[in-house]
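Listing of entry.txt; format and content: compact mmCIF, C-alpha atoms and all ligand atoms.
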```
# COMPACT_ATOMS: atom_id res chain seq x y z
CA MET U 1 112.54 59.77 84.75
CA VAL U 2 111.95 56.41 86.38
CA ALA U 3 112.87 57.82 89.79
CA ALA U 4 110.43 60.72 89.31
CA TYR U 5 107.74 58.24 88.32
CA CYS U 6 108.45 56.21 91.49
CA THR U 7 108.13 59.34 93.66
CA GLN U 8 104.73 60.00 92.10
CA LEU U 9 103.67 56.38 92.73
CA ALA U 10 104.74 56.60 96.37
CA LYS U 11 101.95 59.16 97.01
CA GLN U 12 99.18 56.78 95.95
CA ARG U 13 96.90 54.96 98.33
CA LEU U 14 97.37 51.24 97.83
CA SER U 15 94.93 48.45 98.64
CA GLN U 16 95.76 46.34 101.65
CA GLU U 17 95.07 42.88 103.01
CA SER U 18 95.78 40.98 106.20
CA VAL U 19 98.32 38.13 106.31
CA GLY U 20 99.42 35.89 109.17
CA LEU U 21 102.98 36.45 110.45
CA GLU U 22 104.08 33.12 108.98
CA LEU U 23 103.32 34.47 105.47
CA ALA U 24 104.42 38.06 106.02
CA ALA U 25 108.10 37.76 104.99
CA GLY U 26 108.72 39.67 101.76
CA ARG U 27 105.59 41.79 102.14
CA VAL U 28 105.28 45.52 102.90
CA LEU U 29 103.58 47.10 105.94
CA ALA U 30 100.41 48.99 104.96
CA ASN U 31 100.11 50.71 108.35
CA PRO U 32 102.67 51.81 110.92
CA LEU U 33 103.56 49.18 113.51
CA CYS U 34 103.08 50.50 117.06
CA ALA U 35 104.13 49.14 120.43
CA ASP U 36 101.10 47.73 122.31
CA GLN U 37 102.97 48.09 125.64
CA ASP U 38 106.35 49.29 126.87
CA GLN U 39 109.30 47.43 125.36
CA PRO U 40 110.63 45.73 127.35
CA PRO U 41 107.39 45.52 129.36
CA PHE U 42 109.30 45.31 132.67
CA SER U 43 112.86 46.16 133.74
CA ARG U 44 114.81 42.99 133.18
CA SER U 45 118.21 41.54 133.86
CA THR U 46 120.53 40.92 130.91
CA ARG U 47 122.75 38.62 133.02
CA ASP U 48 122.71 35.80 135.50
CA GLY U 49 123.84 37.30 138.81
CA PHE U 50 122.60 39.34 141.75
CA ALA U 51 120.29 42.36 141.67
CA CYS U 52 121.40 44.99 144.18
CA ARG U 53 121.96 48.68 144.78
CA ALA U 54 125.04 49.78 142.83
CA GLN U 55 126.20 52.16 145.61
CA GLU U 56 126.15 49.34 148.20
CA ALA U 57 127.86 46.78 145.94
CA SER U 58 130.67 49.23 145.12
CA LYS U 59 131.63 49.38 148.83
CA TYR U 60 132.45 45.62 148.68
CA GLY U 61 130.64 44.70 151.92
CA PHE U 62 128.79 41.35 151.87
CA LEU U 63 125.09 41.59 150.98
CA ARG U 64 122.49 39.14 152.27
CA ILE U 65 120.81 37.04 149.55
CA VAL U 66 117.12 37.45 150.32
CA GLY U 67 115.40 35.93 147.29
CA ALA U 68 115.71 34.55 143.77
CA ALA U 69 113.99 35.56 140.51
CA ARG U 70 113.72 33.44 137.36
CA ALA U 71 112.57 34.46 133.91
CA GLY U 72 108.77 34.34 133.98
CA ASP U 73 108.43 35.29 137.67
CA ALA U 74 106.37 38.38 138.51
CA PRO U 75 108.44 41.38 139.65
CA ALA U 76 109.43 40.78 143.31
CA GLY U 77 110.76 42.96 146.10
CA PRO U 78 111.11 45.37 147.67
CA LEU U 79 114.82 44.75 148.18
CA PRO U 80 115.78 45.46 151.83
CA LYS U 81 118.83 47.61 152.61
CA GLY U 82 122.16 45.73 152.50
CA ALA U 83 120.65 42.86 150.51
CA ALA U 84 120.95 41.24 147.09
CA TRP U 85 118.48 39.19 145.05
CA GLU U 86 119.69 36.25 142.98
CA ILE U 87 118.49 36.77 139.41
CA MET U 88 118.53 34.97 136.05
CA THR U 89 118.79 36.47 132.57
CA GLY U 90 115.40 37.79 131.46
CA ALA U 91 113.93 37.92 134.98
CA PRO U 92 112.26 41.11 136.26
CA ILE U 93 114.41 43.32 138.48
CA PRO U 94 113.06 43.38 142.09
CA VAL U 95 111.71 46.74 143.21
CA GLY U 96 114.49 48.79 144.84
CA ALA U 97 117.41 47.22 142.96
CA ASN U 98 119.18 49.39 140.38
CA ALA U 99 121.97 47.15 139.00
CA VAL U 100 122.96 43.50 138.54
CA MET U 101 126.34 42.05 139.58
CA MET U 102 127.37 39.37 137.07
CA ILE U 103 127.78 35.94 138.60
CA GLU U 104 131.34 35.89 137.19
CA HIS U 105 132.19 39.05 139.18
CA VAL U 106 131.08 38.05 142.70
CA GLU U 107 132.35 36.12 145.66
CA ARG U 108 129.66 34.06 147.37
CA VAL U 109 129.94 32.73 150.91
CA GLY U 110 126.87 30.78 151.99
CA GLU U 111 123.87 33.13 151.80
CA LYS U 112 126.03 36.22 151.36
CA VAL U 113 127.56 37.72 148.26
CA ARG U 114 129.84 40.64 147.40
CA LEU U 115 131.36 42.27 144.32
CA VAL U 116 135.03 41.27 143.87
CA PRO U 117 137.30 44.35 144.17
CA PRO U 118 138.42 46.38 142.28
CA ARG U 119 135.38 45.97 140.01
CA LYS U 120 132.86 48.80 140.07
CA LEU U 121 129.15 48.60 139.44
CA LYS U 122 127.29 51.53 137.90
CA GLN U 123 123.61 52.28 138.41
CA GLY U 124 121.62 50.60 135.60
CA GLU U 125 124.39 48.14 134.73
CA ASN U 126 123.13 44.82 133.25
CA ILE U 127 119.54 46.06 133.29
CA VAL U 128 117.30 47.03 130.40
CA ALA U 129 114.80 49.42 131.94
CA GLN U 130 111.08 49.12 131.23
CA GLY U 131 110.28 51.13 128.08
CA ALA U 132 113.97 51.66 127.19
CA GLN U 133 113.37 50.38 123.64
CA ALA U 134 109.89 51.83 123.15
CA ARG U 135 106.96 53.29 125.08
CA ALA U 136 103.41 51.91 124.68
CA GLY U 137 101.90 53.52 121.55
CA ASP U 138 105.26 54.51 120.00
CA GLN U 139 105.59 53.96 116.25
CA LEU U 140 108.24 51.29 115.77
CA LEU U 141 108.06 50.92 111.96
CA PRO U 142 106.52 53.20 109.34
CA ALA U 143 104.04 52.13 106.67
CA GLY U 144 106.10 51.03 103.67
CA ALA U 145 108.69 49.11 105.72
CA ALA U 146 109.78 45.86 104.08
CA ILE U 147 108.94 42.88 106.29
CA GLN U 148 111.75 40.42 106.95
CA PHE U 149 112.68 38.25 109.93
CA ALA U 150 113.45 41.13 112.30
CA GLN U 151 110.17 42.94 111.59
CA ILE U 152 108.30 39.66 112.10
CA ALA U 153 109.98 39.18 115.49
CA LEU U 154 109.08 42.75 116.47
CA ALA U 155 105.46 42.31 115.38
CA ALA U 156 105.27 39.07 117.36
CA ALA U 157 106.69 40.77 120.46
CA CYS U 158 104.04 43.47 120.11
CA GLY U 159 101.19 40.99 119.88
CA TYR U 160 100.34 41.06 116.17
CA PRO U 161 99.43 37.53 114.98
CA ALA U 162 98.70 39.07 111.55
CA LEU U 163 99.74 42.25 109.75
CA GLU U 164 98.05 44.62 107.33
CA VAL U 165 100.19 44.54 104.20
CA VAL U 166 100.02 46.15 100.77
CA VAL U 167 98.37 44.00 98.08
CA ARG U 168 101.03 42.75 95.65
CA PRO U 169 100.90 44.51 92.28
CA ARG U 170 100.06 42.17 89.43
CA VAL U 171 102.77 42.23 86.79
CA ALA U 172 102.07 40.94 83.30
CA ILE U 173 105.07 39.32 81.62
CA LEU U 174 104.83 39.14 77.85
CA ALA U 175 107.69 37.54 75.93
CA THR U 176 107.70 38.20 72.20
CA GLY U 177 109.52 36.45 69.36
CA ASP U 178 108.77 33.99 66.55
CA GLU U 179 111.73 31.89 67.69
CA LEU U 180 110.29 31.17 71.16
CA VAL U 181 108.90 27.79 72.19
CA PRO U 182 107.56 26.78 75.63
CA VAL U 183 110.12 25.52 78.14
CA ALA U 184 108.74 21.97 78.08
CA SER U 185 109.01 21.51 74.32
CA SER U 186 112.01 20.68 72.10
CA PRO U 187 113.07 23.59 69.92
CA ALA U 188 113.29 22.90 66.18
CA PRO U 189 116.38 24.25 64.39
CA GLY U 190 116.35 28.06 64.74
CA GLN U 191 114.03 28.03 67.75
CA ILE U 192 114.89 28.65 71.41
CA ARG U 193 113.06 28.10 74.68
CA ASN U 194 111.40 31.09 76.29
CA SER U 195 113.73 31.53 79.27
CA ASN U 196 112.92 35.20 79.89
CA ALA U 197 109.39 34.56 81.12
CA PRO U 198 110.36 32.36 84.10
CA MET U 199 113.43 34.55 84.77
CA LEU U 200 111.34 37.71 84.91
CA ALA U 201 108.65 35.96 86.98
CA ALA U 202 111.30 35.16 89.58
CA MET U 203 112.61 38.72 89.52
CA VAL U 204 109.07 40.12 89.86
CA ALA U 205 108.33 37.92 92.88
CA GLU U 206 111.61 38.99 94.47
CA ALA U 207 110.75 42.68 93.99
CA GLY U 208 107.35 42.22 95.67
CA GLY U 209 105.06 41.68 92.68
CA GLU U 210 102.71 38.90 91.66
CA PRO U 211 103.92 37.57 88.30
CA TRP U 212 101.35 36.85 85.61
CA VAL U 213 103.03 35.12 82.67
CA LEU U 214 101.13 35.51 79.39
CA PRO U 215 101.55 33.15 76.43
CA ALA U 216 104.43 34.36 74.26
CA ALA U 217 103.42 36.61 71.36
CA ALA U 218 104.62 36.18 67.80
CA ASP U 219 106.39 38.90 65.83
CA ASN U 220 103.32 40.17 64.02
CA ALA U 221 100.90 43.02 64.60
CA GLU U 222 97.84 40.83 65.25
CA SER U 223 99.47 38.62 67.86
CA LEU U 224 100.95 41.63 69.68
CA ASP U 225 97.64 43.55 69.65
CA VAL U 226 95.77 40.59 71.17
CA ALA U 227 98.43 40.13 73.85
CA LEU U 228 98.52 43.82 74.76
CA THR U 229 94.73 43.92 75.14
CA GLN U 230 94.93 41.01 77.56
CA ALA U 231 97.85 42.57 79.45
CA ALA U 232 95.86 45.74 80.09
CA GLU U 233 94.47 44.07 83.22
CA ALA U 234 97.85 44.21 84.95
CA ASP U 235 99.26 46.87 87.27
CA LEU U 236 102.57 46.87 85.43
CA LEU U 237 103.50 45.42 82.07
CA LEU U 238 106.86 43.92 81.17
CA ILE U 239 107.42 43.03 77.55
CA SER U 240 110.56 41.20 76.50
CA GLY U 241 112.03 41.36 73.01
CA GLY U 242 111.04 43.19 69.89
CA VAL U 243 112.30 46.63 70.87
CA SER U 244 115.59 46.78 68.94
CA ALA U 245 115.96 48.23 65.46
CA GLY U 246 115.30 44.99 63.53
CA LYS U 247 112.70 44.53 60.81
CA PHE U 248 110.50 42.39 63.09
CA ASP U 249 110.84 44.52 66.19
CA LEU U 250 107.19 45.46 66.21
CA VAL U 251 106.54 46.08 69.89
CA GLU U 252 106.76 49.88 69.84
CA PRO U 253 104.23 50.29 67.00
CA ALA U 254 101.90 47.85 68.79
CA LEU U 255 102.20 49.83 72.03
CA ALA U 256 101.51 53.04 70.10
CA ARG U 257 98.31 51.45 68.69
CA ALA U 258 97.30 50.58 72.25
CA GLY U 259 97.53 54.28 73.15
CA ALA U 260 100.99 54.30 74.73
CA ARG U 261 102.96 57.41 75.54
CA PHE U 262 106.74 56.85 75.50
CA HIS U 263 108.98 58.46 78.11
CA PHE U 264 112.14 57.09 76.51
CA THR U 265 113.07 54.46 73.93
CA GLY U 266 116.74 53.98 74.70
CA VAL U 267 119.34 54.28 77.47
CA ARG U 268 123.10 54.78 77.34
CA ILE U 269 123.90 51.38 78.83
CA GLN U 270 125.25 48.10 77.53
CA PRO U 271 123.65 45.62 77.54
CA GLY U 272 120.13 47.04 77.50
CA LYS U 273 120.41 50.02 75.17
CA PRO U 274 116.99 49.61 73.43
CA LEU U 275 115.01 49.73 76.73
CA VAL U 276 111.58 51.37 76.39
CA PHE U 277 109.65 53.05 79.21
CA GLY U 278 106.19 54.55 78.93
CA GLU U 279 102.59 54.66 80.05
CA MET U 280 99.39 53.35 78.53
CA PRO U 281 95.70 53.67 79.38
CA ALA U 282 94.83 51.59 82.44
CA GLY U 283 92.64 48.60 81.70
CA ASN U 284 90.19 48.03 84.55
CA ALA U 285 89.31 49.00 88.11
CA ARG U 286 91.70 46.69 89.90
CA THR U 287 94.63 48.35 88.21
CA ILE U 288 96.79 50.68 90.25
CA GLN U 289 96.58 53.83 88.18
CA ASN U 290 98.70 56.92 88.40
CA GLU U 291 97.11 60.36 88.56
CA ASN U 292 96.51 60.45 84.77
CA GLY U 293 94.65 57.13 84.93
CA ALA U 294 97.51 55.41 83.15
CA LYS U 295 99.83 52.52 84.04
CA CYS U 296 103.40 52.03 83.06
CA PHE U 297 105.21 49.49 80.97
CA PHE U 298 108.76 48.51 80.13
CA GLY U 299 109.90 47.06 76.83
CA LEU U 300 112.96 45.06 77.83
CA PRO U 301 115.47 43.99 75.18
CA GLY U 302 115.14 40.23 74.60
CA ASN U 303 118.69 39.13 75.28
CA PRO U 304 118.52 37.46 78.70
CA VAL U 305 121.41 39.46 80.20
CA SER U 306 119.89 42.69 78.82
CA SER U 307 116.49 41.79 80.26
CA ALA U 308 118.00 41.04 83.65
CA VAL U 309 120.10 44.21 83.81
CA THR U 310 117.32 46.54 82.66
CA PHE U 311 114.87 44.91 85.05
CA LEU U 312 117.21 45.45 88.02
CA LEU U 313 118.07 49.03 87.08
CA PHE U 314 114.69 50.34 85.93
CA ALA U 315 111.72 47.99 86.39
CA ALA U 316 112.48 46.73 89.92
CA PRO U 317 112.36 50.25 91.44
CA VAL U 318 108.95 50.94 89.85
CA LEU U 319 107.65 47.60 91.03
CA GLU U 320 108.95 48.17 94.57
CA ALA U 321 107.27 51.58 94.64
CA LEU U 322 104.02 50.00 93.34
CA ALA U 323 104.35 47.40 96.08
CA GLY U 324 104.38 50.23 98.62
CA ARG U 325 108.00 49.97 99.72
CA LEU U 326 109.44 53.15 101.20
CA ALA U 327 112.95 52.29 100.02
CA TYR U 328 113.32 51.33 96.38
CA GLY U 329 115.94 51.51 93.68
CA PRO U 330 118.88 49.48 92.47
CA ARG U 331 121.41 48.48 95.13
CA PHE U 332 125.11 49.07 94.56
CA ALA U 333 128.19 48.20 96.60
CA LEU U 334 131.96 48.54 96.36
CA ALA U 335 134.31 45.63 95.77
CA ARG U 336 137.95 45.00 94.84
CA LEU U 337 138.50 43.71 91.31
CA THR U 338 140.59 40.56 90.97
CA GLY U 339 141.54 38.39 88.00
CA LYS U 340 141.49 39.56 84.39
CA ALA U 341 140.42 43.13 83.75
CA GLY U 342 141.81 45.48 81.10
CA LYS U 343 139.97 47.76 78.69
CA LEU U 344 136.30 47.28 79.44
CA ALA U 345 134.83 50.70 78.73
CA LYS U 346 132.70 51.53 75.68
CA PRO U 347 132.60 55.26 74.94
CA GLY U 348 129.17 56.73 75.65
CA LEU U 349 127.78 53.63 77.39
CA THR U 350 127.78 52.52 81.02
CA ARG U 351 128.34 48.77 81.04
CA PHE U 352 127.04 46.10 83.41
CA LEU U 353 129.05 42.91 83.15
CA PRO U 354 128.14 39.65 84.94
CA ALA U 355 130.57 39.15 87.80
CA LEU U 356 131.05 36.94 90.83
CA CYS U 357 131.59 38.62 94.17
CA ASN U 358 132.89 36.77 97.20
CA PHE U 359 130.97 38.37 100.07
CA GLY U 360 132.40 35.92 102.59
CA GLY U 361 135.89 37.44 102.53
CA MET U 362 138.26 38.32 105.32
CA ALA U 363 137.28 40.63 108.17
CA GLY U 364 138.10 44.28 107.48
CA GLN U 365 138.55 43.73 103.74
CA VAL U 366 136.43 44.87 100.84
CA PRO U 367 134.79 41.87 99.09
CA GLU U 368 136.56 40.66 95.96
CA VAL U 369 134.81 40.59 92.61
CA GLU U 370 135.80 38.85 89.39
CA LEU U 371 134.34 39.09 85.89
CA VAL U 372 132.59 35.98 84.61
CA PRO U 373 133.72 35.21 81.04
CA MET U 374 130.74 35.77 78.76
CA GLN U 375 129.91 35.05 75.13
CA GLY U 376 127.59 37.99 74.49
CA SER U 377 124.34 39.08 76.14
CA GLY U 378 122.64 35.75 75.46
CA ASP U 379 125.09 33.78 77.61
CA LEU U 380 122.78 32.31 80.24
CA ALA U 381 125.46 30.03 81.66
CA ALA U 382 127.62 33.07 82.42
CA LEU U 383 124.63 34.89 83.92
CA ALA U 384 123.86 31.88 86.11
CA ARG U 385 127.45 31.75 87.40
CA SER U 386 127.37 35.44 88.37
CA ASN U 387 125.87 37.04 91.47
CA CYS U 388 126.26 40.72 90.57
CA PHE U 389 127.24 43.05 87.71
CA LEU U 390 130.46 45.02 87.46
CA VAL U 391 129.61 48.65 86.64
CA VAL U 392 131.95 50.12 84.01
CA PRO U 393 131.43 53.89 83.76
CA GLU U 394 131.38 55.52 80.29
CA ASP U 395 134.71 57.24 80.79
CA ALA U 396 136.54 54.42 82.61
CA ARG U 397 140.06 53.81 81.34
CA THR U 398 141.63 50.40 81.78
CA PHE U 399 140.60 48.53 84.91
CA GLU U 400 143.59 47.41 86.97
CA ALA U 401 143.39 44.29 89.10
CA GLY U 402 143.07 45.50 92.70
CA ALA U 403 141.00 48.55 91.76
CA ILE U 404 137.94 49.42 93.88
CA VAL U 405 134.92 49.09 91.60
CA ARG U 406 131.18 49.50 91.85
CA ILE U 407 128.89 46.49 91.55
CA LEU U 408 125.14 46.25 90.96
CA LEU U 409 123.69 43.67 93.35
CA SER U 410 121.19 41.22 91.93
P1 LIG U 501 115.10 40.83 70.50
O1 LIG U 501 115.23 41.80 71.64
O2 LIG U 501 113.70 40.40 70.25
O3 LIG U 501 115.77 41.38 69.28
O4 LIG U 501 115.89 39.53 70.93
C1 LIG U 501 117.28 39.58 71.18
C2 LIG U 501 117.82 38.19 71.44
O5 LIG U 501 117.24 37.69 72.62
C3 LIG U 501 117.53 37.18 70.37
O6 LIG U 501 118.66 36.35 70.23
C4 LIG U 501 116.37 36.41 70.92
O7 LIG U 501 116.29 35.11 70.41
C5 LIG U 501 116.64 36.43 72.40
N1 LIG U 501 115.38 36.35 73.12
C6 LIG U 501 114.30 37.11 72.91
N2 LIG U 501 113.29 36.79 73.73
C7 LIG U 501 113.74 35.78 74.49
C8 LIG U 501 113.16 34.99 75.52
N3 LIG U 501 111.90 35.20 75.93
N4 LIG U 501 113.91 34.04 76.09
C9 LIG U 501 115.18 33.84 75.69
N5 LIG U 501 115.79 34.54 74.74
C10 LIG U 501 115.08 35.50 74.11
MG MG U 502 112.66 39.36 68.85
```

What would the structure in this file look like if it were written as structure tokens?
Amino acid sequence: MVAAYCTQLAKQRLSQESVGLELAAGRVLANPLCADQDQPPFSRSTRDGFACRAQEASKYGFLRIVGAARAGDAPAGPLPKGAAWEIMTGAPIPVGANAVMMIEHVERVGEKVRLVPPRKLKQGENIVAQGAQARAGDQLLPAGAAIQFAQIALAAACGYPALEVVVRPRVAILATGDELVPVASSPAPGQIRNSNAPMLAAMVAEAGGEPWVLPAAADNAESLDVALTQAAEADLLLISGGVSAGKFDLVEPALARAGARFHFTGVRIQPGKPLVFGEMPAGNARTIQNENGAKCFFGLPGNPVSSAVTFLLFAAPVLEALAGRLAYGPRFALARLTGKAGKLAKPGLTRFLPALCNFGGMAGQVPEVELVPMQGSGDLAALARSNCFLVVPEDARTFEAGAIVRILLS
């Protein structure tokens, strides 16, 4: 259902703004990026050596050195018959030359040079021809491409000092719970600090949204109603806590009063089973609305590990789609399980257990992943020591050390 919702979102027109290249990392292209000129703009040498005609060089006769080209020089030539042109990496190939002999592969005697037998030189060798990577006007990246270092380099090479990017969706983060106190205060007995709000704000920023943390709401109808009215201004609403089956889990009734329609109120996962997904009437004009004029919300279970897992699996894809990204959805990988394993499966539930994966392993080997010991879904220390989640399918029997397993990347 979430994937279908994302597909629907992907068809919307999103507002855009211009940002300088230095601020573009992490943003999403609003328009296709096109080549302003051929790439490369001139045929250039990929080596230090001698530009020549491949057919002449392959006969091993000495060629007269008739010029030299450095990176930055204008294209020179024409190259006379039986001649070579000294050339540096990045310099334009002189007119008439069709290959470059590497400096390591030649014998030079005074102002003459020849290819050392039995090496051969093919036409085009050590040259990137003008336009080989792209022709002027070609689309190099589609709208919706995520901008990272490589896309910034490409934009720079094509002469874009700034890029049109999609405006970041504004994501309201509403933590609920009578036990919550602000991070900077000392909790009285029975109270805890509101750690979900800053955690979710970080996750929202990472997924391309602009976090908007609301003051925590108390577990009563009035407080929740006030908070939900305020949150209506957001493009996406994340509520944490208050969605389990407890006596003071009042979020769903409050959402219903605010006009919400629920798509689901539970998922077969652990942690995160009470997750709620739905839509409510959109608040104001700035809001990105779907075709029914509604906007979506998630009610995330309050346990920090549950909030994190359900965000990664369900909320992040919606946010990425709202942010205009072409590619969205949770990211999985394979790894080899080491250390303690055993019976991890719970019938009827897919589990996501905090784990630590060593991605810097040996060449040619699958990365190794190990479970992080955890004292329940509130164990923030365990969460902070992990860098992924081990996925335990519903029907998994015992996990053997050495087994290839699936991990959810965070
Ligand atoms: P709930 O989903 O409201 O039943 O909360 C489940 C557990 O998560 C309880 O132990 C809460 O104290 C804890 N919890 C709820 N909200 C937060 C929060 N914002 N930060 C940290 N822990 C929370
Ligand atoms: Mg609660």

Mind working out the centre and edge lengths of an axis-aligned box for ligand LIG 501 (chain U), all listed atoms inside, 3 Å added to each side, rounded to one decimal in Å and written as JSON?
```
{"center_x": 115.3, "center_y": 37.8, "center_z": 72.7, "size_x": 12.8, "size_y": 14.0, "size_z": 12.8}
```

In terms of only C-alpha atoms and all ligand atoms, the residue from U:Pro215, U:Pro142, U:Gly342, U:Gly159 at minimal distance from ligand LIG 501 (chain U) is U:Pro215

Go through stretch 236-342 of chain U residue by residue and, counting all atoms listed in the file, keep those with an atom at most 12 Å from stretch 351-361 of chain U; for each kept residue give the shortest atom pair and its distance in Å to one decimal, ordered by chain and increasing number, as a Markdown table.
```
| residue | atom | partner | partner_atom | distance |
| --- | --- | --- | --- | --- |
| U:Val267 | CA | U:Arg351 | CA | 11.1 |
| U:Arg268 | CA | U:Arg351 | CA | 8.8 |
| U:Ile269 | CA | U:Arg351 | CA | 5.6 |
| U:Gln270 | CA | U:Arg351 | CA | 4.7 |
| U:Pro271 | CA | U:Arg351 | CA | 6.6 |
| U:Gly272 | CA | U:Arg351 | CA | 9.1 |
| U:Lys273 | CA | U:Arg351 | CA | 9.9 |
| U:Pro304 | CA | U:Pro354 | CA | 11.7 |
| U:Val305 | CA | U:Pro354 | CA | 8.2 |
| U:Ser306 | CA | U:Phe352 | CA | 9.2 |
| U:Ser307 | CA | U:Phe352 | CA | 11.8 |
| U:Ala308 | CA | U:Pro354 | CA | 10.3 |
| U:Val309 | CA | U:Phe352 | CA | 7.2 |
| U:Thr310 | CA | U:Phe352 | CA | 9.8 |
| U:Leu312 | CA | U:Phe352 | CA | 10.9 |
| U:Leu313 | CA | U:Phe352 | CA | 10.1 |
| U:Phe332 | CA | U:Phe352 | CA | 11.7 |
| U:Ala333 | CA | U:Cys357 | CA | 10.5 |
| U:Leu334 | CA | U:Cys357 | CA | 10.2 |
| U:Ala335 | CA | U:Cys357 | CA | 7.7 |
| U:Arg336 | CA | U:Cys357 | CA | 9.0 |
| U:Leu337 | CA | U:Cys357 | CA | 9.0 |
| U:Thr338 | CA | U:Cys357 | CA | 9.7 |
| U:Gly339 | CA | U:Leu356 | CA | 11.0 |
| U:Lys340 | CA | U:Ala355 | CA | 11.4 |
| U:Ala341 | CA | U:Ala355 | CA | 11.4 |
```

Please list as JSON, numbers by chain every residue within 8 Å of U:Pro211, counting all atoms listed in the file and excluding residues in the same chain fewer than 2 positions away. {"U": [170, 171, 172, 173, 201, 202, 204, 205, 209, 213]}

Would you list the residues near (109.8, 42.6, 77.3) (no more than 7 Å away, in the coordinates of the file, using only C-alpha atoms) as number ranges by chain? U: 174-175, 238-241, 298-302

Enumerate, in order of chain and increasing residue number, the residues of chain U with an atom no farther than 8 Å from ligand LIG 501 (chain U), each with its shortest atom pair and distance in Å to one decimal, counting all atoms listed in the file, as CSV.
```
residue,atom,partner,partner_atom,distance
U:Ala175,CA,U:LIG501,N3,4.8
U:Thr176,CA,U:LIG501,N2,6.0
U:Gly177,CA,U:LIG501,N2,5.8
U:Glu179,CA,U:LIG501,O7,6.2
U:Leu180,CA,U:LIG501,N3,6.4
U:Gln191,CA,U:LIG501,O7,7.9
U:Ile192,CA,U:LIG501,O7,6.7
U:Arg193,CA,U:LIG501,N4,6.2
U:Asn194,CA,U:LIG501,N4,3.9
U:Ser195,CA,U:LIG501,N4,4.1
U:Asn196,CA,U:LIG501,N3,4.1
U:Ala197,CA,U:LIG501,N3,5.8
U:Ala216,CA,U:LIG501,N3,7.7
U:Ser240,CA,U:LIG501,N2,5.9
U:Gly241,CA,U:LIG501,O2,3.4
U:Gly242,CA,U:LIG501,O2,3.9
U:Val243,CA,U:LIG501,O1,5.7
U:Ser244,CA,U:LIG501,O3,5.4
U:Ala245,CA,U:LIG501,O3,7.8
U:Gly246,CA,U:LIG501,O3,6.8
U:Asp249,CA,U:LIG501,O2,6.5
U:Leu300,CA,U:LIG501,O1,7.4
U:Pro301,CA,U:LIG501,O1,4.2
U:Gly302,CA,U:LIG501,O1,3.4
U:Asn303,CA,U:LIG501,O5,3.4
U:Pro304,CA,U:LIG501,N5,5.6
U:Gly378,CA,U:LIG501,O5,6.4
```

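The residue that comes closest to U:Cys52, out of U:Leu9, U:Ala321, U:Ala232, U:Ala99 and on the basis of all atoms listed in the file, is U:Ala99.
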
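What separates atom CA of U:Asp38 from atom CA of U:Gly137 is a distance of 8.1 Å.
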
Quick one: residues within 9 Å of (101.9, 48.9, 100.6) (file frame), counting all atoms listed in the file, please, as a PyMOL selection string. chain U and resi 13-16+27-31+143-145+164-168+321-326

Env of U:Gly266: 7 Å cut, atoms = all atoms listed in the file, seq-sep filter 6 positions within chain, self excluded. Answer as a PyMOL selection string. chain U and resi 273-276

Dump of C-alpha atoms for the selected residues, as a PDB file, in the coordinates of the input:
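So the final result, stored in out-v6.pdb, reads:
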```pdb
ATOM      1  CA  LYS U 273     120.410  50.020  75.170  1.00  0.00           C
ATOM      2  CA  PRO U 274     116.990  49.610  73.430  1.00  0.00           C
ATOM      3  CA  LEU U 275     115.010  49.730  76.730  1.00  0.00           C
ATOM      4  CA  VAL U 276     111.580  51.370  76.390  1.00  0.00           C
TER       5      VAL U 276
END
```

Contact residues around U:Ser58 with all atoms listed in the file at 10 Å, ignoring same-chain residues under 5 positions, as a ChimeraX atom specification: /U:53,114-122

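Ranking U:Phe311, U:Phe50, U:Phe297, U:Phe248 by their shortest atom-to-atom distance to ligand MG 502 (chain U), with all atoms listed in the file included, puts U:Phe248 first.
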
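If all atoms listed in the file are the atoms counted, then among U:Lys295, U:Arg331, U:Arg64, U:Arg397 the closest residue to U:Leu344 is U:Arg397.
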